[in-house]
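Written below as structure tokens is the structure these notes are about.
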Amino acid sequence: MSTKTEVRPVRIVLAKVGLDGHDRGVKVVARALRDAGYEVIYTGLRQTPEMVVDAALQEDAQVIGLSIHSGAHMTLFPAVVQELKRRKATDIVVFGGGIIPDDDIAALKQHGVAELFTPGTPLQGIVDWLRKRFPEGAR
Amino acid sequence: MTSPGVGWASELSDPELVERFRSGDVRALARAISLVEKRDPSVRALQTELADGSRAYVVGFTGAPGTGKSTLVDALVSALRKDERSVAVIATDPNSPFTGGAILGDRIRMQRHALDPKVFIRSMGARGHLGGLSLAAREVIRLLGAFGFDPVILETVGVGQSELEVAAVADTTVVVLTPNLGDGVQMIKAGILEIADVFVVNKADLEGHHRSVTELRAMLSLSNAPGERKAWKPPIIAASAVRQEGIEELWSAIEAHRKYLTSTGKAEQLAADRLKEEAAEVAAELARDRVRRALADDPALTKRLLEAGTPYGTAEEILDRKR
């Protein structure tokens with residue numbers, strides 16, 4: 001017999017990394033994830049990988065979602081994964097979204113980015129992926 | 001794992017957490033806060049283990065959405081960092097009542113403190129706390145104090161009950177207003193006059209702030225019932241958070257209120273009252289656990305409850321049982 005603890009929503013830090021002011025996409029995603037019952041911590045524009053990881057640690061987030069439309073994804077996404085390694089927090093799952101060519105997607109997955117979503121992805125696709133990845137809700 | 005019937009000081013689910021917490025690992029602190037948020041029973045053991053008597057001074061900020069609370073908190077954190085104080089911020093935003101999800105966006109205004117190890121910011125969904133936000137907030141504040149943060153700033157969107165919960169937890173409650181929020185009657189309706197220890201009229205760079213200050217002052221002079229003269233009169237500070245103006249004055253006002261509480265013995269009384277209240281809340285939580293467990297484990301008891309159609313007998317029976 002286990003005592004029932006509150007079901008707590010999975011916490012997701014969403015951030016725009018680098019010099020990129022296009023935040024409409026990330027806001028739409030934030031809204032969709034909220035409506036799907038997630039707790040989204042949106043940290044805003046022009047984040048460095050260090051800032052994003054720091055926020056995720058303080059917020060005890062299980063997931064980091066990165067948005068980029070500047071083309072710097074091959075530098076910045078792996079940098080976030082690297083920073084997570086440095087802070088010994090590789091249990092935090094990283095996913096990304098933006099205009100990313102197929103070849104880069106394969107390379108980024110090699111670098112430890114769990115999943116990438118490109119323009120045209122239905123919002124439900126992101127939610128379904130998260131549900132599959134965290135079937136039991138928050139740890 | 002909790003053993004059956006315990007529900008009291010449950011064991012720690014992760015004994016290493018205390019060690020990591022004590023060694024200053026931010027992740028351990030963050031994890032401990034999550035345990036509080038999901039009402040994990042091991043929190044009680046954790047709190048007992050980490051209690052070291054240190055207590056952070058708690059400043060609560062409340063006000064309508066868009067009054068600039070986060071920006072003001074951000075400015076205050078900057079001022080406190082100049083004095084080498086370690087500051088923690090608990091920023092709450094509402095959860096969706098339909099899905100439980102939330103967008104917590106207060107960090108955006110505080111990004112200049114990112115990477116400063118002496119600043120810890122945690123966003124909390126305001127709803128969905130079983131014992132209410134105030135219970136969770138108190139426990140989180142104690143954790144932050146034990147970790148070495150002082151003061152702790154608690155920021156809440158002033159909608160619904162949350163401002164009352166802030167007042168129930170904070171040592172000094174700051175109510176944030178802006179020019180053109182409405183006339184004095186709106187202020188009475190909002191019920192904010194009673195809970196404020198300090199008023200801030202933010203966005204003092206906007207037109208109309210003099211009028212707001214004057215109206216507020218007039219309202220406050222009316223609010224003292226005859227025969228009941230309050231010893232503390234909440235000061236009104238005009239500030240512009242984006243211009244970092246009035247922030248020193250704000251902190252001075254908070255400090256003055258703190259001195260008032262200490263010198264009059266109210267601080268001790270407040271702390272005692274709150275601990276008593278918290279004990280009652282924790283007891284209620286434990287009782288709730290016991291009743292739920294008893295009903296889940298005992299179909300005959302559940303049957304009797306359903307037959308009776310009222311909860312009182314069953315509830316008392318369970319609580320009277322020897323454990």
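Residue numbering restarts at 1 in every chain; chains get A, B, ... in the order shown in the structure tokens, and ligands count up from 1 in that same order.
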Residues of chain A were defined as contacting chain B if any atom lay at most 6 Å from it, counting only C-alpha atoms; please report them as a count of residues only.
17
As a PyMOL selection string, please: every residue in stretch 130-321 of chain B that a backbone DSSP assignment puts in strand (DSSP E or B).
chain B and resi 152-157+172-177+198-201+236-238+240+245
Grab the residues selected above and save them as a PDB file, in the first residue's frame with C-alpha atoms.
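The resulting selection-v2.pdb:
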```
ATOM      1  CA  VAL B 152      13.325  35.183   0.487  1.00  0.00           C
ATOM      2  CA  ILE B 153      11.019  37.102  -1.832  1.00  0.00           C
ATOM      3  CA  LEU B 154       7.635  35.572  -2.565  1.00  0.00           C
ATOM      4  CA  GLU B 155       5.829  36.967  -5.576  1.00  0.00           C
ATOM      5  CA  THR B 156       2.212  36.184  -6.335  1.00  0.00           C
ATOM      6  CA  VAL B 157      -0.319  37.258  -8.899  1.00  0.00           C
ATOM      7  CA  THR B 172       6.369  42.065   5.265  1.00  0.00           C
ATOM      8  CA  THR B 173       3.701  42.178   2.577  1.00  0.00           C
ATOM      9  CA  VAL B 174       4.240  44.654  -0.245  1.00  0.00           C
ATOM     10  CA  VAL B 175       1.209  45.527  -2.368  1.00  0.00           C
ATOM     11  CA  VAL B 176       2.063  46.842  -5.820  1.00  0.00           C
ATOM     12  CA  LEU B 177      -0.243  49.311  -7.557  1.00  0.00           C
ATOM     13  CA  VAL B 198       4.086  48.636   2.433  1.00  0.00           C
ATOM     14  CA  PHE B 199       2.465  50.091  -0.677  1.00  0.00           C
ATOM     15  CA  VAL B 200       4.349  50.661  -3.894  1.00  0.00           C
ATOM     16  CA  VAL B 201       2.914  52.798  -6.631  1.00  0.00           C
ATOM     17  CA  ILE B 236       3.478  54.556   0.241  1.00  0.00           C
ATOM     18  CA  ILE B 237       6.528  54.378  -1.982  1.00  0.00           C
ATOM     19  CA  ALA B 238       6.546  55.763  -5.504  1.00  0.00           C
ATOM     20  CA  SER B 240       9.802  53.060 -11.234  1.00  0.00           C
ATOM     21  CA  GLU B 245      14.028  54.457  -9.001  1.00  0.00           C
TER      22      GLU B 245
END
```
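Comparing B:Leu286, B:Ala64, B:Ala300, B:Val119 by their smallest distance to B:Ile192, the closest is B:Ala64 (using only C-alpha atoms).
Minimum distance to B:Glu139 across B:Thr48, B:Ser263, B:Ser86, B:Thr302 (counting only C-alpha atoms) occurs at B:Thr48.
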Selection: 9 Å around stretch 75-88 of chain A, only C-alpha atoms, excl. self and same-chain fewer than 6 positions, as a VMD selection string
chain A and resid 17 to 18 48 to 50 52 to 54 57 66 68 94 to 96 108 111 to 113
Quick check for you: according to DSSP on this backbone, which residues of stretch 10-123 of chain A are classed as helix (DSSP H, G or I)? Reply as a PDB file with N, CA and C atoms, in the first residue's frame.
```
ATOM      1  N   ARG A  24       7.575  33.695 -31.819  1.00  0.00           N
ATOM      2  CA  ARG A  24       6.174  33.322 -31.963  1.00  0.00           C
ATOM      3  C   ARG A  24       6.005  31.803 -31.838  1.00  0.00           C
ATOM      4  N   GLY A  25       6.880  31.074 -32.502  1.00  0.00           N
ATOM      5  CA  GLY A  25       6.793  29.611 -32.473  1.00  0.00           C
ATOM      6  C   GLY A  25       6.880  29.065 -31.066  1.00  0.00           C
ATOM      7  N   VAL A  26       7.843  29.550 -30.306  1.00  0.00           N
ATOM      8  CA  VAL A  26       8.049  29.004 -28.966  1.00  0.00           C
ATOM      9  C   VAL A  26       6.867  29.341 -28.055  1.00  0.00           C
ATOM     10  N   LYS A  27       6.267  30.517 -28.307  1.00  0.00           N
ATOM     11  CA  LYS A  27       5.099  30.885 -27.491  1.00  0.00           C
ATOM     12  C   LYS A  27       3.911  29.990 -27.812  1.00  0.00           C
ATOM     13  N   VAL A  28       3.759  29.673 -29.085  1.00  0.00           N
ATOM     14  CA  VAL A  28       2.671  28.767 -29.477  1.00  0.00           C
ATOM     15  C   VAL A  28       2.879  27.392 -28.831  1.00  0.00           C
ATOM     16  N   VAL A  29       4.123  26.936 -28.853  1.00  0.00           N
ATOM     17  CA  VAL A  29       4.434  25.638 -28.236  1.00  0.00           C
ATOM     18  C   VAL A  29       4.175  25.696 -26.724  1.00  0.00           C
ATOM     19  N   ALA A  30       4.580  26.804 -26.098  1.00  0.00           N
ATOM     20  CA  ALA A  30       4.370  26.954 -24.648  1.00  0.00           C
ATOM     21  C   ALA A  30       2.892  26.819 -24.310  1.00  0.00           C
ATOM     22  N   ARG A  31       2.089  27.500 -25.092  1.00  0.00           N
ATOM     23  CA  ARG A  31       0.654  27.478 -24.874  1.00  0.00           C
ATOM     24  C   ARG A  31       0.092  26.054 -25.033  1.00  0.00           C
ATOM     25  N   ALA A  32       0.554  25.365 -26.094  1.00  0.00           N
ATOM     26  CA  ALA A  32       0.068  24.011 -26.364  1.00  0.00           C
ATOM     27  C   ALA A  32       0.453  23.060 -25.228  1.00  0.00           C
ATOM     28  N   LEU A  33       1.671  23.227 -24.713  1.00  0.00           N
ATOM     29  CA  LEU A  33       2.119  22.333 -23.641  1.00  0.00           C
ATOM     30  C   LEU A  33       1.371  22.630 -22.349  1.00  0.00           C
ATOM     31  N   ARG A  34       1.091  23.899 -22.107  1.00  0.00           N
ATOM     32  CA  ARG A  34       0.278  24.258 -20.954  1.00  0.00           C
ATOM     33  C   ARG A  34      -1.089  23.590 -21.057  1.00  0.00           C
ATOM     34  N   ASP A  35      -1.689  23.692 -22.240  1.00  0.00           N
ATOM     35  CA  ASP A  35      -3.018  23.111 -22.432  1.00  0.00           C
ATOM     36  C   ASP A  35      -2.991  21.597 -22.320  1.00  0.00           C
ATOM     37  N   PRO A  49      23.618  28.925 -23.439  1.00  0.00           N
ATOM     38  CA  PRO A  49      23.452  27.553 -22.935  1.00  0.00           C
ATOM     39  C   PRO A  49      23.596  27.475 -21.412  1.00  0.00           C
ATOM     40  N   GLU A  50      24.508  28.246 -20.850  1.00  0.00           N
ATOM     41  CA  GLU A  50      24.706  28.234 -19.396  1.00  0.00           C
ATOM     42  C   GLU A  50      23.453  28.709 -18.672  1.00  0.00           C
ATOM     43  N   MET A  51      22.840  29.776 -19.189  1.00  0.00           N
ATOM     44  CA  MET A  51      21.630  30.311 -18.560  1.00  0.00           C
ATOM     45  C   MET A  51      20.491  29.293 -18.605  1.00  0.00           C
ATOM     46  N   VAL A  52      20.359  28.632 -19.746  1.00  0.00           N
ATOM     47  CA  VAL A  52      19.259  27.675 -19.907  1.00  0.00           C
ATOM     48  C   VAL A  52      19.425  26.517 -18.927  1.00  0.00           C
ATOM     49  N   VAL A  53      20.642  26.002 -18.835  1.00  0.00           N
ATOM     50  CA  VAL A  53      20.889  24.868 -17.945  1.00  0.00           C
ATOM     51  C   VAL A  53      20.712  25.291 -16.489  1.00  0.00           C
ATOM     52  N   ASP A  54      21.196  26.475 -16.159  1.00  0.00           N
ATOM     53  CA  ASP A  54      21.052  26.978 -14.798  1.00  0.00           C
ATOM     54  C   ASP A  54      19.583  27.065 -14.399  1.00  0.00           C
ATOM     55  N   ALA A  55      18.767  27.599 -15.305  1.00  0.00           N
ATOM     56  CA  ALA A  55      17.331  27.706 -15.031  1.00  0.00           C
ATOM     57  C   ALA A  55      16.718  26.322 -14.835  1.00  0.00           C
ATOM     58  N   ALA A  56      17.108  25.380 -15.683  1.00  0.00           N
ATOM     59  CA  ALA A  56      16.543  24.026 -15.592  1.00  0.00           C
ATOM     60  C   ALA A  56      16.905  23.379 -14.259  1.00  0.00           C
ATOM     61  N   LEU A  57      18.116  23.637 -13.780  1.00  0.00           N
ATOM     62  CA  LEU A  57      18.536  23.053 -12.506  1.00  0.00           C
ATOM     63  C   LEU A  57      17.754  23.661 -11.354  1.00  0.00           C
ATOM     64  N   GLN A  58      17.640  24.995 -11.331  1.00  0.00           N
ATOM     65  CA  GLN A  58      16.910  25.651 -10.246  1.00  0.00           C
ATOM     66  C   GLN A  58      15.438  25.258 -10.246  1.00  0.00           C
ATOM     67  N   HIS A  73      21.879  26.332 -34.814  1.00  0.00           N
ATOM     68  CA  HIS A  73      21.529  25.163 -33.999  1.00  0.00           C
ATOM     69  C   HIS A  73      22.679  24.175 -33.828  1.00  0.00           C
ATOM     70  N   MET A  74      23.545  24.060 -34.854  1.00  0.00           N
ATOM     71  CA  MET A  74      24.639  23.083 -34.757  1.00  0.00           C
ATOM     72  C   MET A  74      25.662  23.474 -33.688  1.00  0.00           C
ATOM     73  N   THR A  75      25.702  24.747 -33.344  1.00  0.00           N
ATOM     74  CA  THR A  75      26.596  25.199 -32.280  1.00  0.00           C
ATOM     75  C   THR A  75      25.885  25.167 -30.930  1.00  0.00           C
ATOM     76  N   LEU A  76      24.680  25.760 -30.916  1.00  0.00           N
ATOM     77  CA  LEU A  76      24.045  26.029 -29.626  1.00  0.00           C
ATOM     78  C   LEU A  76      23.379  24.799 -28.999  1.00  0.00           C
ATOM     79  N   PHE A  77      22.740  23.954 -29.813  1.00  0.00           N
ATOM     80  CA  PHE A  77      22.087  22.780 -29.226  1.00  0.00           C
ATOM     81  C   PHE A  77      23.103  21.851 -28.555  1.00  0.00           C
ATOM     82  N   PRO A  78      24.195  21.469 -29.272  1.00  0.00           N
ATOM     83  CA  PRO A  78      25.192  20.633 -28.595  1.00  0.00           C
ATOM     84  C   PRO A  78      25.810  21.328 -27.379  1.00  0.00           C
ATOM     85  N   ALA A  79      25.897  22.663 -27.422  1.00  0.00           N
ATOM     86  CA  ALA A  79      26.482  23.387 -26.284  1.00  0.00           C
ATOM     87  C   ALA A  79      25.630  23.211 -25.030  1.00  0.00           C
ATOM     88  N   VAL A  80      24.309  23.153 -25.218  1.00  0.00           N
ATOM     89  CA  VAL A  80      23.409  22.937 -24.070  1.00  0.00           C
ATOM     90  C   VAL A  80      23.621  21.529 -23.503  1.00  0.00           C
ATOM     91  N   VAL A  81      23.711  20.536 -24.416  1.00  0.00           N
ATOM     92  CA  VAL A  81      23.945  19.155 -23.973  1.00  0.00           C
ATOM     93  C   VAL A  81      25.279  19.065 -23.230  1.00  0.00           C
ATOM     94  N   GLN A  82      26.282  19.757 -23.771  1.00  0.00           N
ATOM     95  CA  GLN A  82      27.611  19.769 -23.156  1.00  0.00           C
ATOM     96  C   GLN A  82      27.570  20.373 -21.755  1.00  0.00           C
ATOM     97  N   GLU A  83      26.828  21.478 -21.627  1.00  0.00           N
ATOM     98  CA  GLU A  83      26.708  22.147 -20.332  1.00  0.00           C
ATOM     99  C   GLU A  83      25.995  21.243 -19.318  1.00  0.00           C
ATOM    100  N   LEU A  84      25.022  20.487 -19.794  1.00  0.00           N
ATOM    101  CA  LEU A  84      24.335  19.540 -18.905  1.00  0.00           C
ATOM    102  C   LEU A  84      25.317  18.484 -18.404  1.00  0.00           C
ATOM    103  N   LYS A  85      26.209  18.056 -19.295  1.00  0.00           N
ATOM    104  CA  LYS A  85      27.237  17.076 -18.887  1.00  0.00           C
ATOM    105  C   LYS A  85      28.124  17.678 -17.822  1.00  0.00           C
ATOM    106  N   ARG A  86      28.535  18.926 -18.071  1.00  0.00           N
ATOM    107  CA  ARG A  86      29.442  19.588 -17.129  1.00  0.00           C
ATOM    108  C   ARG A  86      28.790  19.729 -15.751  1.00  0.00           C
ATOM    109  N   ASP A 102      17.493  18.120 -42.614  1.00  0.00           N
ATOM    110  CA  ASP A 102      17.490  16.712 -42.216  1.00  0.00           C
ATOM    111  C   ASP A 102      18.871  16.199 -41.791  1.00  0.00           C
ATOM    112  N   ASP A 103      19.899  16.587 -42.563  1.00  0.00           N
ATOM    113  CA  ASP A 103      21.250  16.116 -42.233  1.00  0.00           C
ATOM    114  C   ASP A 103      21.656  16.562 -40.829  1.00  0.00           C
ATOM    115  N   ASP A 104      21.273  17.797 -40.513  1.00  0.00           N
ATOM    116  CA  ASP A 104      21.621  18.338 -39.194  1.00  0.00           C
ATOM    117  C   ASP A 104      20.871  17.598 -38.092  1.00  0.00           C
ATOM    118  N   ILE A 105      19.634  17.211 -38.390  1.00  0.00           N
ATOM    119  CA  ILE A 105      18.836  16.499 -37.391  1.00  0.00           C
ATOM    120  C   ILE A 105      19.559  15.230 -36.955  1.00  0.00           C
ATOM    121  N   ALA A 106      20.046  14.473 -37.938  1.00  0.00           N
ATOM    122  CA  ALA A 106      20.768  13.242 -37.612  1.00  0.00           C
ATOM    123  C   ALA A 106      21.994  13.552 -36.762  1.00  0.00           C
ATOM    124  N   ALA A 107      22.720  14.592 -37.144  1.00  0.00           N
ATOM    125  CA  ALA A 107      23.935  14.950 -36.406  1.00  0.00           C
ATOM    126  C   ALA A 107      23.614  15.391 -34.973  1.00  0.00           C
ATOM    127  N   LEU A 108      22.534  16.162 -34.834  1.00  0.00           N
ATOM    128  CA  LEU A 108      22.176  16.660 -33.496  1.00  0.00           C
ATOM    129  C   LEU A 108      21.757  15.518 -32.573  1.00  0.00           C
ATOM    130  N   LYS A 109      21.060  14.528 -33.162  1.00  0.00           N
ATOM    131  CA  LYS A 109      20.675  13.373 -32.358  1.00  0.00           C
ATOM    132  C   LYS A 109      21.923  12.624 -31.890  1.00  0.00           C
ATOM    133  N   GLN A 110      22.925  12.585 -32.773  1.00  0.00           N
ATOM    134  CA  GLN A 110      24.211  12.004 -32.378  1.00  0.00           C
ATOM    135  C   GLN A 110      24.795  12.732 -31.179  1.00  0.00           C
ATOM    136  N   LEU A 123       1.202  20.507 -33.374  1.00  0.00           N
ATOM    137  CA  LEU A 123       1.513  20.680 -31.953  1.00  0.00           C
ATOM    138  C   LEU A 123       1.296  19.379 -31.198  1.00  0.00           C
TER     139      LEU A 123
END
```
Skipping near chain neighbours, those fewer than 6 positions away, what residues fall within 12 Å of A:Arg131 using only C-alpha atoms, listed as a ChimeraX atom specification?
/A:9-10,33,36-38,124-125,137-138
Applying 9 Å and only C-alpha atoms, which residues near B:Arg22 remain after dropping the ones on its own chain fewer than 3 positions away? List them as a VMD selection string.
chain B and resid 17 to 19 25 28 50 146 to 147
In Å, with one decimal, what is the gap from atom CA of A:Gly97 to atom CA of B:Pro94?
26.4 Å
